[in-house]
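Novice: Contents of input18.cif (mmCIF, C-alpha atoms) are below:
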```cif
data_target
loop_
_atom_site.label_atom_id
_atom_site.label_comp_id
_atom_site.auth_asym_id
_atom_site.auth_seq_id
_atom_site.Cartn_x
_atom_site.Cartn_y
_atom_site.Cartn_z
CA MET F 194 -5.88 4.75 -51.85
CA THR F 195 -4.59 2.95 -54.95
CA ARG F 196 -5.56 5.89 -57.13
CA ASP F 197 -3.72 8.31 -54.86
CA ASN F 198 -0.57 6.17 -54.58
CA GLN F 199 -1.13 5.40 -50.90
CA MET F 200 -0.51 1.66 -51.27
CA ILE F 201 2.72 -0.31 -51.12
CA PRO F 202 3.44 -1.14 -54.78
CA ASN F 203 1.93 -4.35 -56.16
CA THR F 204 0.21 -5.25 -52.85
CA THR F 205 -3.17 -4.85 -51.20
CA TYR F 206 -1.62 -3.13 -48.15
CA TYR F 207 -1.60 0.59 -47.54
CA ASP F 208 1.65 2.45 -46.91
CA PRO F 209 1.58 3.71 -43.29
CA TYR F 210 4.90 5.50 -43.74
CA ASN F 211 3.00 7.99 -45.88
CA PRO F 212 1.28 10.50 -43.53
CA VAL F 213 -1.54 11.07 -46.00
CA ALA F 214 -2.17 7.33 -46.21
CA ARG F 215 -2.27 7.10 -42.42
CA THR F 216 -4.91 9.82 -42.35
CA THR F 217 -6.93 8.00 -45.02
CA PHE F 218 -6.69 4.71 -43.13
CA TYR F 219 -7.87 6.40 -39.94
CA GLY F 220 -10.69 8.01 -41.92
CA PHE F 221 -11.99 4.63 -43.03
CA SER F 222 -11.77 3.37 -39.43
CA ASN F 223 -13.56 6.46 -38.19
CA GLU F 224 -16.43 6.13 -40.64
CA GLY F 225 -16.86 2.42 -40.06
CA HIS F 226 -16.28 2.24 -36.31
CA PHE F 227 -15.54 5.27 -34.18
CA LYS F 228 -18.41 7.42 -35.44
CA ILE F 229 -20.88 4.78 -34.31
CA GLY F 230 -19.35 4.49 -30.84
CA VAL F 231 -16.69 1.77 -31.12
CA ASP F 232 -14.11 2.40 -28.39
CA SER F 233 -11.10 0.44 -29.61
CA LEU F 234 -9.79 -1.59 -32.53
CA TRP F 235 -8.07 -4.94 -32.73
CA LEU F 236 -5.41 -4.18 -35.36
CA ASP F 237 -4.47 -7.63 -36.55
CA ALA F 238 -1.62 -8.48 -38.94
CA THR F 239 0.36 -5.28 -38.37
CA GLU F 240 3.67 -6.85 -39.47
CA PRO F 241 1.92 -6.77 -42.02
CA GLU F 242 0.84 -10.30 -42.98
CA GLY F 243 3.44 -11.77 -45.31
CA LEU F 244 5.95 -8.92 -44.78
CA ILE F 245 5.05 -7.57 -48.21
CA GLN F 246 7.18 -4.45 -47.70
CA MET F 247 10.34 -6.56 -47.93
CA ASN F 248 12.25 -6.12 -51.21
CA ASN F 249 9.77 -3.40 -52.07
CA THR F 250 9.60 0.38 -51.91
CA VAL F 251 7.70 2.36 -49.29
CA TYR F 252 7.07 6.08 -48.87
CA LEU F 253 10.29 6.58 -46.89
CA GLY F 254 12.46 4.49 -49.21
CA SER F 255 13.67 0.90 -48.90
CA GLY F 256 11.03 -1.49 -47.64
CA ASN F 257 13.77 -3.61 -46.11
CA GLN F 258 15.20 -0.69 -44.15
CA TYR F 259 11.81 0.41 -42.86
CA ALA F 260 10.15 -2.98 -42.45
CA ASN F 261 9.81 -3.15 -38.68
CA PRO F 262 8.02 0.14 -37.81
CA TYR F 263 4.89 -0.81 -39.84
CA SER F 264 2.88 -1.48 -36.68
CA LEU F 265 4.10 1.72 -35.00
CA MET F 266 2.99 3.82 -37.97
CA THR F 267 -0.38 2.09 -38.16
CA SER F 268 -1.22 2.43 -34.47
CA GLU F 269 0.05 6.01 -34.53
CA GLY F 270 -2.39 6.90 -37.29
CA ILE F 271 -5.28 5.58 -35.19
CA SER F 272 -4.18 7.24 -31.95
CA ASP F 273 -3.48 10.61 -33.59
CA GLY F 274 -6.90 10.63 -35.18
CA LEU F 275 -8.73 9.63 -32.00
CA ARG F 276 -6.95 12.21 -29.86
CA LYS F 277 -7.76 14.89 -32.41
CA ASP F 278 -11.40 13.99 -33.17
CA TYR F 279 -12.57 12.53 -29.85
CA PRO F 280 -10.59 14.21 -27.06
CA ASN F 281 -13.50 13.72 -24.65
CA ALA F 282 -14.47 10.22 -25.75
CA GLN F 283 -12.42 7.44 -27.38
CA GLY F 284 -9.37 9.70 -27.53
CA ARG F 285 -9.16 10.17 -23.76
CA ARG F 286 -7.43 6.85 -23.18
CA VAL F 287 -6.64 5.29 -26.53
CA PHE F 288 -6.42 1.50 -26.43
CA THR F 289 -5.48 -0.65 -29.42
CA LEU F 290 -4.66 -4.35 -29.51
CA THR F 291 -1.99 -5.11 -32.10
CA ARG F 292 -0.06 -8.18 -33.23
CA SER F 293 3.28 -6.44 -33.73
CA SER F 294 5.27 -3.75 -32.00
CA PHE F 295 8.18 -1.37 -32.39
CA LEU F 296 10.11 0.94 -30.08
CA GLY F 297 7.98 3.86 -28.91
CA GLN F 298 4.67 2.19 -29.69
CA GLN F 299 3.52 2.67 -26.08
CA ARG F 300 2.92 6.35 -26.99
CA THR F 301 0.06 5.26 -29.23
CA GLY F 302 -1.92 3.40 -26.55
CA ALA F 303 -1.14 0.09 -28.24
CA THR F 304 -0.90 -3.24 -26.44
CA LEU F 305 0.96 -6.07 -28.12
CA TRP F 306 -0.42 -9.57 -27.99
CA SER F 307 1.92 -12.36 -28.92
CA GLY F 308 0.04 -13.69 -31.91
CA ASP F 309 -1.47 -17.02 -32.87
CA THR F 310 0.41 -19.32 -30.53
CA SER F 311 0.00 -23.07 -30.28
CA SER F 312 -1.28 -24.88 -27.19
CA SER F 313 1.55 -26.77 -25.52
CA TRP F 314 3.48 -26.74 -22.28
CA ASP F 315 6.56 -25.57 -24.16
CA THR F 316 4.62 -22.68 -25.68
CA LEU F 317 3.52 -21.66 -22.19
CA ARG F 318 7.16 -21.74 -21.05
CA ARG F 319 8.22 -19.58 -23.98
CA GLN F 320 5.36 -17.13 -23.42
CA ILE F 321 6.62 -16.49 -19.89
CA ALA F 322 10.08 -15.66 -21.24
CA ALA F 323 8.66 -13.59 -24.09
CA SER F 324 6.53 -11.47 -21.78
CA VAL F 325 9.46 -10.65 -19.52
CA ASN F 326 11.89 -9.97 -22.37
CA TYR F 327 9.43 -7.72 -24.18
CA GLN F 328 8.96 -5.49 -21.18
CA THR F 329 12.69 -5.13 -20.58
CA THR F 330 12.52 -2.83 -23.62
CA GLY F 331 10.48 -0.44 -21.50
CA ILE F 332 7.22 -1.03 -23.36
CA PRO F 333 4.84 -1.77 -20.49
CA TYR F 334 1.77 -3.44 -22.02
CA TRP F 335 1.86 -7.05 -23.24
CA SER F 336 -0.84 -9.63 -23.72
CA GLN F 337 -1.34 -13.17 -24.96
CA ASP F 338 -3.95 -15.71 -25.99
CA ILE F 339 -4.33 -17.55 -22.67
CA GLY F 340 -4.53 -21.23 -23.50
CA GLY F 341 -2.98 -20.69 -26.93
CA PHE F 342 -4.76 -19.71 -30.12
CA SER F 343 -4.58 -23.10 -31.84
CA ARG F 344 -6.40 -25.50 -29.50
CA PRO F 345 -6.20 -29.31 -29.57
CA PRO F 346 -9.25 -31.21 -30.93
CA GLY F 347 -10.04 -32.63 -27.50
CA GLN F 348 -9.63 -29.42 -25.56
CA TYR F 349 -12.98 -29.69 -23.76
CA THR F 350 -12.30 -33.17 -22.35
CA SER F 351 -8.49 -33.45 -22.24
CA GLN F 352 -7.20 -33.56 -18.65
CA ASP F 353 -3.76 -32.47 -19.80
CA TYR F 354 -5.17 -29.44 -21.62
CA HIS F 355 -7.34 -28.54 -18.62
CA GLU F 356 -4.25 -28.53 -16.40
CA MET F 357 -2.34 -26.45 -18.94
CA LEU F 358 -5.17 -23.94 -19.37
CA THR F 359 -5.35 -23.53 -15.59
CA ARG F 360 -1.62 -22.91 -15.32
CA TRP F 361 -1.83 -20.49 -18.25
CA PHE F 362 -4.54 -18.51 -16.47
CA GLN F 363 -2.39 -18.44 -13.32
CA PHE F 364 0.47 -16.98 -15.35
CA GLY F 365 -1.86 -14.50 -17.04
CA VAL F 366 -2.90 -13.03 -13.69
CA PHE F 367 0.56 -11.45 -13.46
CA THR F 368 0.78 -9.97 -16.94
CA PRO F 369 -0.28 -6.40 -17.74
CA ILE F 370 -3.33 -7.30 -19.85
CA PHE F 371 -5.33 -10.36 -18.81
CA ARG F 372 -7.26 -11.94 -21.67
CA ILE F 373 -8.20 -15.25 -23.29
CA HIS F 374 -8.64 -15.93 -27.01
CA GLY F 375 -8.54 -18.98 -29.24
CA SER F 376 -9.56 -20.61 -32.47
CA ALA F 377 -12.66 -22.21 -30.92
CA ASP F 378 -15.17 -21.39 -28.20
CA THR F 379 -13.19 -20.38 -25.10
CA GLU F 380 -16.00 -19.77 -22.58
CA LEU F 381 -15.18 -21.70 -19.44
CA TRP F 382 -18.54 -23.48 -19.28
CA ASN F 383 -17.43 -25.53 -22.29
CA TYR F 384 -14.89 -27.38 -20.15
CA GLY F 385 -17.17 -29.23 -17.74
CA GLN F 386 -18.20 -28.63 -14.16
CA ALA F 387 -14.96 -28.85 -12.18
CA MET F 388 -12.35 -26.90 -14.09
CA PRO F 389 -14.09 -23.49 -14.24
CA TRP F 390 -14.09 -23.33 -10.45
CA VAL F 391 -10.32 -23.84 -10.35
CA ILE F 392 -9.72 -21.22 -13.03
CA ASN F 393 -12.13 -18.84 -11.29
CA SER F 394 -9.77 -18.79 -8.33
CA ALA F 395 -7.11 -17.28 -10.59
CA ILE F 396 -9.62 -14.81 -12.03
CA ASN F 397 -10.70 -13.80 -8.54
CA LEU F 398 -7.08 -13.20 -7.57
CA ARG F 399 -6.64 -10.91 -10.56
CA TYR F 400 -9.68 -8.87 -9.57
CA ARG F 401 -8.65 -8.73 -5.92
CA LEU F 402 -5.30 -7.32 -7.08
CA ILE F 403 -6.92 -4.47 -9.04
CA PRO F 404 -6.06 -1.77 -6.43
CA TYR F 405 -2.42 -2.92 -6.52
CA ILE F 406 -2.35 -3.23 -10.33
CA TYR F 407 -4.10 0.05 -11.08
CA SER F 408 -1.81 1.91 -8.68
CA GLY F 409 1.10 0.32 -10.52
CA PHE F 410 -0.29 1.44 -13.87
CA HIS F 411 -0.23 4.99 -12.50
CA LEU F 412 3.53 4.56 -12.06
CA VAL F 413 3.69 3.28 -15.63
CA GLU F 414 2.02 6.50 -16.76
CA THR F 415 4.03 8.91 -14.62
CA GLN F 416 7.38 7.24 -13.95
CA HIS F 417 7.99 5.04 -17.03
CA TYR F 418 7.54 1.95 -14.83
CA THR F 419 6.72 -1.59 -15.94
CA MET F 420 4.51 -3.82 -13.82
CA GLN F 421 5.99 -7.07 -15.09
CA ARG F 422 9.71 -6.90 -14.32
CA HIS F 423 12.75 -9.05 -14.96
CA LEU F 424 14.43 -9.74 -11.62
CA SER F 425 17.45 -7.70 -12.72
CA PHE F 426 15.32 -4.54 -12.58
CA ASP F 427 15.11 -4.78 -8.80
CA PHE F 428 17.87 -7.11 -7.63
CA TRP F 429 20.83 -6.69 -9.99
CA ASP F 430 23.19 -5.25 -7.38
CA SER F 431 22.73 -8.16 -4.99
CA ASP F 432 21.86 -11.11 -7.21
CA ALA F 433 23.28 -10.52 -10.70
CA GLU F 434 25.00 -13.87 -11.09
CA HIS F 435 21.90 -15.80 -10.03
CA ILE F 436 19.21 -13.90 -11.89
CA LYS F 437 20.73 -12.81 -15.20
CA ASP F 438 19.61 -15.96 -17.00
CA ILE F 439 16.29 -16.55 -15.20
CA SER F 440 13.47 -16.28 -17.72
CA ASP F 441 10.63 -18.11 -15.94
CA GLN F 442 10.00 -15.95 -12.88
CA PHE F 443 9.59 -12.21 -12.44
CA MET F 444 8.37 -9.40 -10.22
CA PHE F 445 4.86 -8.05 -10.71
CA GLY F 446 5.11 -4.57 -9.27
CA ASP F 447 7.46 -4.07 -6.35
CA ARG F 448 5.76 -6.52 -3.96
CA LEU F 449 4.96 -9.79 -5.76
CA LEU F 450 7.30 -12.42 -7.17
CA SER F 451 5.60 -14.86 -9.57
CA ALA F 452 7.11 -18.16 -10.71
CA PRO F 453 4.49 -19.77 -12.99
CA VAL F 454 4.17 -23.52 -13.40
CA TYR F 455 4.63 -24.78 -16.97
CA SER F 456 4.71 -28.56 -16.53
CA PRO F 457 1.86 -31.07 -16.06
CA GLY F 458 0.65 -32.48 -12.77
CA LEU F 459 -2.04 -31.79 -10.21
CA THR F 460 0.78 -31.15 -7.74
CA VAL F 461 4.04 -29.73 -9.06
CA THR F 462 7.36 -28.77 -7.49
CA ARG F 463 9.56 -26.21 -9.20
CA PRO F 464 12.68 -24.29 -8.11
CA VAL F 465 12.34 -20.57 -7.41
CA TRP F 466 15.19 -18.15 -6.78
CA LEU F 467 14.27 -15.82 -3.91
CA PRO F 468 16.44 -12.69 -4.19
CA SER F 469 18.78 -11.64 -1.40
CA ASN F 470 18.29 -9.19 1.47
CA VAL F 471 14.56 -9.87 1.57
CA VAL F 472 12.44 -12.15 3.73
CA TRP F 473 9.75 -13.50 1.41
CA THR F 474 6.33 -14.80 2.44
CA ASP F 475 4.50 -17.56 0.62
CA PHE F 476 1.18 -15.97 -0.46
CA PHE F 477 -0.76 -19.19 0.05
CA SER F 478 0.73 -20.54 3.29
CA GLY F 479 2.14 -17.51 5.09
CA GLU F 480 5.49 -19.25 5.55
CA GLN F 481 8.42 -16.83 5.72
CA LEU F 482 11.44 -17.72 3.61
CA GLN F 483 14.91 -16.21 3.65
CA GLY F 484 16.11 -14.75 0.37
CA GLY F 485 19.43 -15.38 -1.35
CA ARG F 486 18.75 -19.03 -2.07
CA TRP F 487 16.80 -21.47 -4.20
CA HIS F 488 13.49 -22.69 -2.82
CA ASN F 489 11.54 -25.72 -4.03
CA ALA F 490 7.94 -24.56 -4.29
CA THR F 491 5.31 -27.30 -4.24
CA VAL F 492 1.82 -26.23 -5.32
CA SER F 493 -1.47 -27.92 -6.10
CA ILE F 494 -3.40 -27.13 -9.28
CA GLU F 495 -5.35 -24.50 -7.31
CA GLU F 496 -2.21 -22.52 -6.40
CA THR F 497 0.76 -20.94 -8.14
CA PRO F 498 4.19 -20.14 -6.69
CA LEU F 499 3.74 -16.57 -5.46
CA PHE F 500 5.88 -14.77 -2.91
CA VAL F 501 5.36 -11.42 -1.25
CA ARG F 502 8.01 -8.92 -0.27
CA CYS F 503 7.67 -7.52 3.24
CA GLY F 504 5.41 -4.52 3.78
CA VAL F 505 1.82 -3.71 2.88
CA LEU F 506 -0.35 -5.34 0.21
CA VAL F 507 -3.78 -3.81 -0.48
CA LEU F 508 -6.43 -6.10 -1.97
CA GLY F 509 -9.92 -5.31 -3.15
CA PRO F 510 -13.05 -7.45 -2.74
CA VAL F 511 -14.01 -10.28 -5.06
CA VAL F 512 -15.89 -8.54 -7.90
CA GLN F 513 -17.23 -9.37 -11.35
CA HIS F 514 -15.96 -6.23 -13.09
CA VAL F 515 -13.82 -3.22 -12.28
CA GLU F 516 -16.73 -0.78 -12.05
CA GLU F 517 -17.94 -2.43 -8.85
CA ALA F 518 -16.99 -0.50 -5.72
CA SER F 519 -13.62 -1.42 -4.25
CA ASP F 520 -15.06 -1.81 -0.77
CA PRO F 521 -14.02 -3.22 1.59
CA LEU F 522 -10.27 -3.08 1.18
CA GLU F 523 -8.17 -5.78 2.78
CA VAL F 524 -4.75 -4.62 3.96
CA ARG F 525 -2.36 -7.51 4.49
CA ILE F 526 0.72 -6.69 6.53
CA TYR F 527 3.80 -8.79 5.88
CA ASP F 528 5.64 -8.02 9.09
CA VAL F 529 9.38 -8.64 8.86
CA GLU F 530 11.94 -7.09 11.20
CA GLY F 531 13.92 -4.37 9.45
CA CYS F 532 11.58 -4.19 6.46
CA ALA F 533 12.73 -1.39 4.16
CA SER F 534 9.30 -0.57 2.74
CA ASN F 535 6.22 -0.63 4.94
CA THR F 536 4.14 1.72 2.79
CA PHE F 537 1.83 1.51 -0.19
CA THR F 538 0.07 4.36 -2.00
CA LEU F 539 -3.34 3.59 -3.45
CA PHE F 540 -4.12 5.53 -6.64
CA GLU F 541 -7.68 5.93 -7.87
CA ASP F 542 -9.47 7.96 -10.54
CA ASP F 543 -12.61 7.69 -12.67
CA GLY F 544 -11.00 5.24 -15.09
CA VAL F 545 -11.80 7.22 -18.23
CA SER F 546 -10.41 10.77 -18.03
CA VAL F 547 -7.28 11.90 -19.86
CA THR F 548 -4.32 11.05 -17.66
CA GLY F 549 -1.25 13.09 -16.85
CA GLY F 550 -2.58 16.53 -17.73
CA PRO F 551 -3.48 19.41 -15.44
CA SER F 552 -7.17 18.53 -15.62
CA HIS F 553 -6.68 14.92 -14.49
CA GLN F 554 -8.51 14.39 -11.22
CA PHE F 555 -7.46 11.55 -8.94
CA SER F 556 -6.91 10.61 -5.32
CA GLU F 557 -4.08 8.99 -3.39
CA ILE F 558 -4.19 7.27 0.00
CA THR F 559 -1.00 6.03 1.67
CA PHE F 560 -0.99 3.02 3.97
CA THR F 561 1.95 2.78 6.39
CA PHE F 562 2.59 -0.01 8.86
CA ASP F 563 4.28 1.19 12.07
CA PRO F 564 5.91 -1.93 13.57
CA ALA F 565 7.06 -0.16 16.74
CA ASN F 566 3.50 0.80 17.69
CA ARG F 567 1.82 -2.17 15.98
CA SER F 568 -0.51 0.09 14.05
CA LEU F 569 -1.54 0.90 10.49
CA ILE F 570 -1.61 4.58 9.56
CA VAL F 571 -3.96 5.47 6.72
CA SER F 572 -3.15 8.95 5.45
CA LYS F 573 -5.55 11.74 4.72
CA ARG F 574 -6.85 11.32 1.20
CA HIS F 575 -5.08 13.67 -1.22
CA GLY F 576 -7.10 14.78 -4.20
CA SER F 577 -10.56 13.85 -5.41
CA PHE F 578 -12.50 12.99 -8.54
CA PRO F 579 -16.19 12.76 -9.52
CA GLY F 580 -17.81 9.53 -8.36
CA MET F 581 -15.12 8.89 -5.76
CA LEU F 582 -15.96 6.46 -2.97
CA LEU F 583 -16.27 8.75 0.06
CA GLN F 584 -16.35 6.06 2.72
CA ARG F 585 -15.12 2.50 2.86
CA THR F 586 -14.27 -0.26 5.29
CA ILE F 587 -10.64 -1.23 5.81
CA ASN F 588 -9.95 -4.73 7.09
CA VAL F 589 -6.41 -5.30 8.38
CA VAL F 590 -4.70 -8.63 8.92
CA VAL F 591 -1.12 -9.40 9.93
CA VAL F 592 -0.01 -12.34 7.81
CA ARG F 593 1.32 -15.43 9.55
CA ASN F 594 1.14 -19.17 8.95
CA HIS F 595 -2.24 -19.86 7.34
CA THR F 596 -3.64 -16.52 8.51
CA GLY F 597 -4.18 -13.72 6.01
CA THR F 598 -3.24 -16.06 3.18
CA GLY F 599 -4.61 -17.19 -0.14
CA ILE F 600 -7.13 -15.70 -2.52
CA ASN F 601 -10.26 -15.48 -0.40
CA PRO F 602 -10.90 -12.54 1.95
CA SER F 603 -9.31 -13.06 5.36
CA THR F 604 -10.77 -12.75 8.82
CA PRO F 605 -9.43 -9.34 9.88
CA ASP F 606 -7.42 -8.62 13.02
CA GLN F 607 -8.93 -5.12 13.05
CA SER F 608 -11.51 -3.23 10.99
CA ALA F 609 -12.25 0.47 10.67
CA VAL F 610 -14.31 2.84 8.54
CA TYR F 611 -12.28 5.33 6.52
CA SER F 612 -13.84 8.63 5.45
CA GLY F 613 -10.88 10.52 4.00
CA GLU F 614 -9.19 11.83 7.14
CA GLN F 615 -6.07 10.29 8.68
CA LEU F 616 -6.89 7.07 10.47
CA VAL F 617 -4.76 5.03 12.87
CA ILE F 618 -5.72 1.37 13.32
CA PRO F 619 -4.03 0.04 16.49
CA ASN F 620 -3.43 -3.28 18.23
CA LEU F 621 -2.04 -5.25 15.31
#
```
Show this structure as structure tokens.
Specialist:
Amino acid sequence: MTRDNQMIPNTTYYDPYNPVARTTFYGFSNEGHFKIGVDSLWLDATEPEGLIQMNNTVYLGSGNQYANPYSLMTSEGISDGLRKDYPNAQGRRVFTLTRSSFLGQQRTGATLWSGDTSSSWDTLRRQIAASVNYQTTGIPYWSQDIGGFSRPPGQYTSQDYHEMLTRWFQFGVFTPIFRIHGSADTELWNYGQAMPWVINSAINLRYRLIPYIYSGFHLVETQHYTMQRHLSFDFWDSDAEHIKDISDQFMFGDRLLSAPVYSPGLTVTRPVWLPSNVVWTDFFSGEQLQGGRWHNATVSIEETPLFVRCGVLVLGPVVQHVEEASDPLEVRIYDVEGCASNTFTLFEDDGVSVTGGPSHQFSEITFTFDPANRSLIVSKRHGSFPGMLLQRTINVVVVRNHTGTGINPSTPDQSAVYSGEQLVIPNL
């Protein structure tokens, strides 16, 4: 690359603004990784490290003028190559983890993670704000090093760090990409006997939410949606003055409001603004709360402030990985008089095929709660895909105080077997 003038002058970094250099860089990655079956790359230091393009010259001209799109050009070179060379393999759904981002980078299948953060309560607070602010740009995929990258020396025995790591996991449940990383061993068994069980409750919640999250990602793909949403996205007309400066709570999809804890204590109380014109339900207690006011949420270390908008929430079973069958489904009905949205559409596909094109095969099932007849209507399944689950059990529970609440599967009010045709589940 040096011989062919594909480097930024007087540096060891290639010039991604040069299309030939991008092709060369992809070629090296292809030979070293993709040809032997590697699915994705972790593209670190895509600022690049040291901002060596500043006060320098790049292919397009001034390095100062074109400093910020370095990561976009780099991830674009990888995605273009994969989609060209491996349209039926790694190029079907390109995924790259990258430390920097620029407008439009979502086109390249790149997910930003927020870099080598420190481990402190204040860092956790700032990560919540950063995640929400980033996605207000319209770029839908964000990630972080849960627990911080730079860990304290006593991380395995420190009670304060254990509390913080638990709260960080609880926040991570409601971000687009859920992952842990750090400068030392991060496997949970390093932290003793008690703490992994508390953190596992957060992990189990994330996996139970997969039907809800994956259906939301379909909206990201087809409707330019973001799963993690500043409150102004959904409540500006009614609550602008209250929500415009809130940076520590957010919507996750259209149904869940998350207000993570970022202060120490085995039991913590924090204020949460519940937007107007909605009756909210506490996910863990089933208590209904009127919107348009502040609410003091008190939670133990095993819970996080989480509130559900009225309507239908579809949860999967507790699983170890996403390839396990999503059966049975638990349908929780948050029954509020005058609810404006009593439906939810479940989207499913094979998880690997190219999305959005005419050959993309998928299915959709709509769940509608009919409050007048106290029944749940499960629509006929529309569409199909290879490997689709043809039959599954649907467990339905109407949420009320301490019934149909929390992370664990609930005792259903009614159960039925669904085989793809319209199904009405009565007596709710």
Novice: Please provide the set of residues having any atom within 12 Å of F:Gln246, restricted to only C-alpha atoms, with same-chain residues fewer than 4 positions apart removed, written as a PyMOL selection string.
Specialist: chain F and resi 200-210+239-242+250-263
Novice: Which is closer to F:Phe428 than all the others in F:Asp378, F:Asp447, F:Glu414, F:Glu480, using all atoms listed in the file?
Specialist: F:Asp447
Novice: Written as a list in words, what is the full residue list that the PyMOL selection byres ((chain F and resi 561-576) around 8) yields on the file shown?
Specialist: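 When the PyMOL selection byres ((chain F and resi 561-576) around 8) is applied to the shown file, the picked residues are Gly504, Val505, Ile526, Asp528, Asn535, Thr536, Phe537, Gln554, Phe555, Ser556, Glu557, Ile558, Thr559, Phe560, Ser577, Phe578, Gly613, Glu614, Gln615, Leu616, Val617, Ile618, Pro619, Asn620 and Leu621 of chain F.
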Novice: Assuming the chain letters and numbering stay as they are in my file, what does the PyMOL selection byres ((chain F and resi 329) around 9) actually select? List them as a list in words.
Specialist: Ser324, Val325, Asn326, Tyr327, Gln328, Thr330, Gly331, Ile332, Pro333, Thr419, Gln421, Arg422, His423 and Phe426 of chain F
Novice: So how far away is atom CA of F:Leu506 from atom CA of F:Gly484, in Å?
Specialist: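 Atom CA of F:Leu506 lies at a distance of 19.0 Å from atom CA of F:Gly484.
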Novice: Rank F:Ser311, F:Gln584, F:Gln483, F:Asn211 by their smallest atom-to-atom distance to F:Asn470, using only C-alpha atoms, and report the top residue only.
Specialist: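 Closest residue, counting only C-alpha atoms: F:Gln483.
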Novice: Assuming the chain letters and numbering stay as they are in my file, what does the PyMOL selection byres ((chain F and resi 503) around 10) actually select? List them as a list in words.
Specialist: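 Evaluating the PyMOL selection byres ((chain F and resi 503) around 10) on this file yields Arg448, Leu449, Val471, Val472, Trp473, Thr474, Gln481, Phe500, Val501, Arg502, Gly504, Val505, Leu506, Ile526, Tyr527, Asp528, Val529, Glu530, Gly531, Cys532, Ala533, Ser534, Asn535 and Thr536 of chain F.
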Novice: Do you know which residues are at most 7 Å from stretch 304-306 of chain F counting only C-alpha atoms, after dropping those on the same chain fewer than 6 positions away, and could you put them as a list in words?
Specialist: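 That gives Thr289, Leu290, Thr291, Arg292, Ser293, Ser294, Tyr334, Trp335, Ser336 and Gln337 of chain F.
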Novice: Quick one: residues within 7 Å of F:Val547, all atoms listed in the file, excluding same-chain residues fewer than 5 positions away - as a short mmCIF file (atom, residue, chain, number, x, y, z; two decimals) with C-alpha atoms, keeping the file's coordinate frame?
Specialist:
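Final output, result.cif:
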```cif
data_model
loop_
_atom_site.label_atom_id
_atom_site.label_comp_id
_atom_site.auth_asym_id
_atom_site.auth_seq_id
_atom_site.Cartn_x
_atom_site.Cartn_y
_atom_site.Cartn_z
CA ARG F 285 -9.16 10.17 -23.76
CA ARG F 286 -7.43 6.85 -23.18
CA HIS F 553 -6.68 14.92 -14.49
#
```
Novice: Please provide the set of residues having any atom within 7 Å of F:Val524, restricted to only C-alpha atoms, with same-chain residues fewer than 5 positions apart removed, written as a list of chain:residue names.
Specialist: F:Val505, F:Leu506, F:Val507, F:Leu508, F:Asn588, F:Val589, F:Val590
Novice: With 12 Å as the threshold, what does the neighbourhood of (3.3, 4.5, -15.7) contain in terms of residues, counting all atoms listed in the file? Coordinates are those of the file; answer as a PDB file with C-alpha atoms, in the coordinates of the input.
Specialist:
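In the end it all went to out_5.pdb:
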```
ATOM      1  CA  GLN F 299       3.520   2.670 -26.080  1.00  0.00           C
ATOM      2  CA  ARG F 300       2.920   6.350 -26.990  1.00  0.00           C
ATOM      3  CA  GLY F 331      10.480  -0.440 -21.500  1.00  0.00           C
ATOM      4  CA  ILE F 332       7.220  -1.030 -23.360  1.00  0.00           C
ATOM      5  CA  PRO F 333       4.840  -1.770 -20.490  1.00  0.00           C
ATOM      6  CA  TYR F 334       1.770  -3.440 -22.020  1.00  0.00           C
ATOM      7  CA  PRO F 369      -0.280  -6.400 -17.740  1.00  0.00           C
ATOM      8  CA  ILE F 406      -2.350  -3.230 -10.330  1.00  0.00           C
ATOM      9  CA  TYR F 407      -4.100   0.050 -11.080  1.00  0.00           C
ATOM     10  CA  SER F 408      -1.810   1.910  -8.680  1.00  0.00           C
ATOM     11  CA  GLY F 409       1.100   0.320 -10.520  1.00  0.00           C
ATOM     12  CA  PHE F 410      -0.290   1.440 -13.870  1.00  0.00           C
ATOM     13  CA  HIS F 411      -0.230   4.990 -12.500  1.00  0.00           C
ATOM     14  CA  LEU F 412       3.530   4.560 -12.060  1.00  0.00           C
ATOM     15  CA  VAL F 413       3.690   3.280 -15.630  1.00  0.00           C
ATOM     16  CA  GLU F 414       2.020   6.500 -16.760  1.00  0.00           C
ATOM     17  CA  THR F 415       4.030   8.910 -14.620  1.00  0.00           C
ATOM     18  CA  GLN F 416       7.380   7.240 -13.950  1.00  0.00           C
ATOM     19  CA  HIS F 417       7.990   5.040 -17.030  1.00  0.00           C
ATOM     20  CA  TYR F 418       7.540   1.950 -14.830  1.00  0.00           C
ATOM     21  CA  THR F 419       6.720  -1.590 -15.940  1.00  0.00           C
ATOM     22  CA  MET F 420       4.510  -3.820 -13.820  1.00  0.00           C
ATOM     23  CA  GLN F 421       5.990  -7.070 -15.090  1.00  0.00           C
ATOM     24  CA  GLY F 446       5.110  -4.570  -9.270  1.00  0.00           C
ATOM     25  CA  PHE F 540      -4.120   5.530  -6.640  1.00  0.00           C
ATOM     26  CA  THR F 548      -4.320  11.050 -17.660  1.00  0.00           C
ATOM     27  CA  GLY F 549      -1.250  13.090 -16.850  1.00  0.00           C
TER      28      GLY F 549
END
```
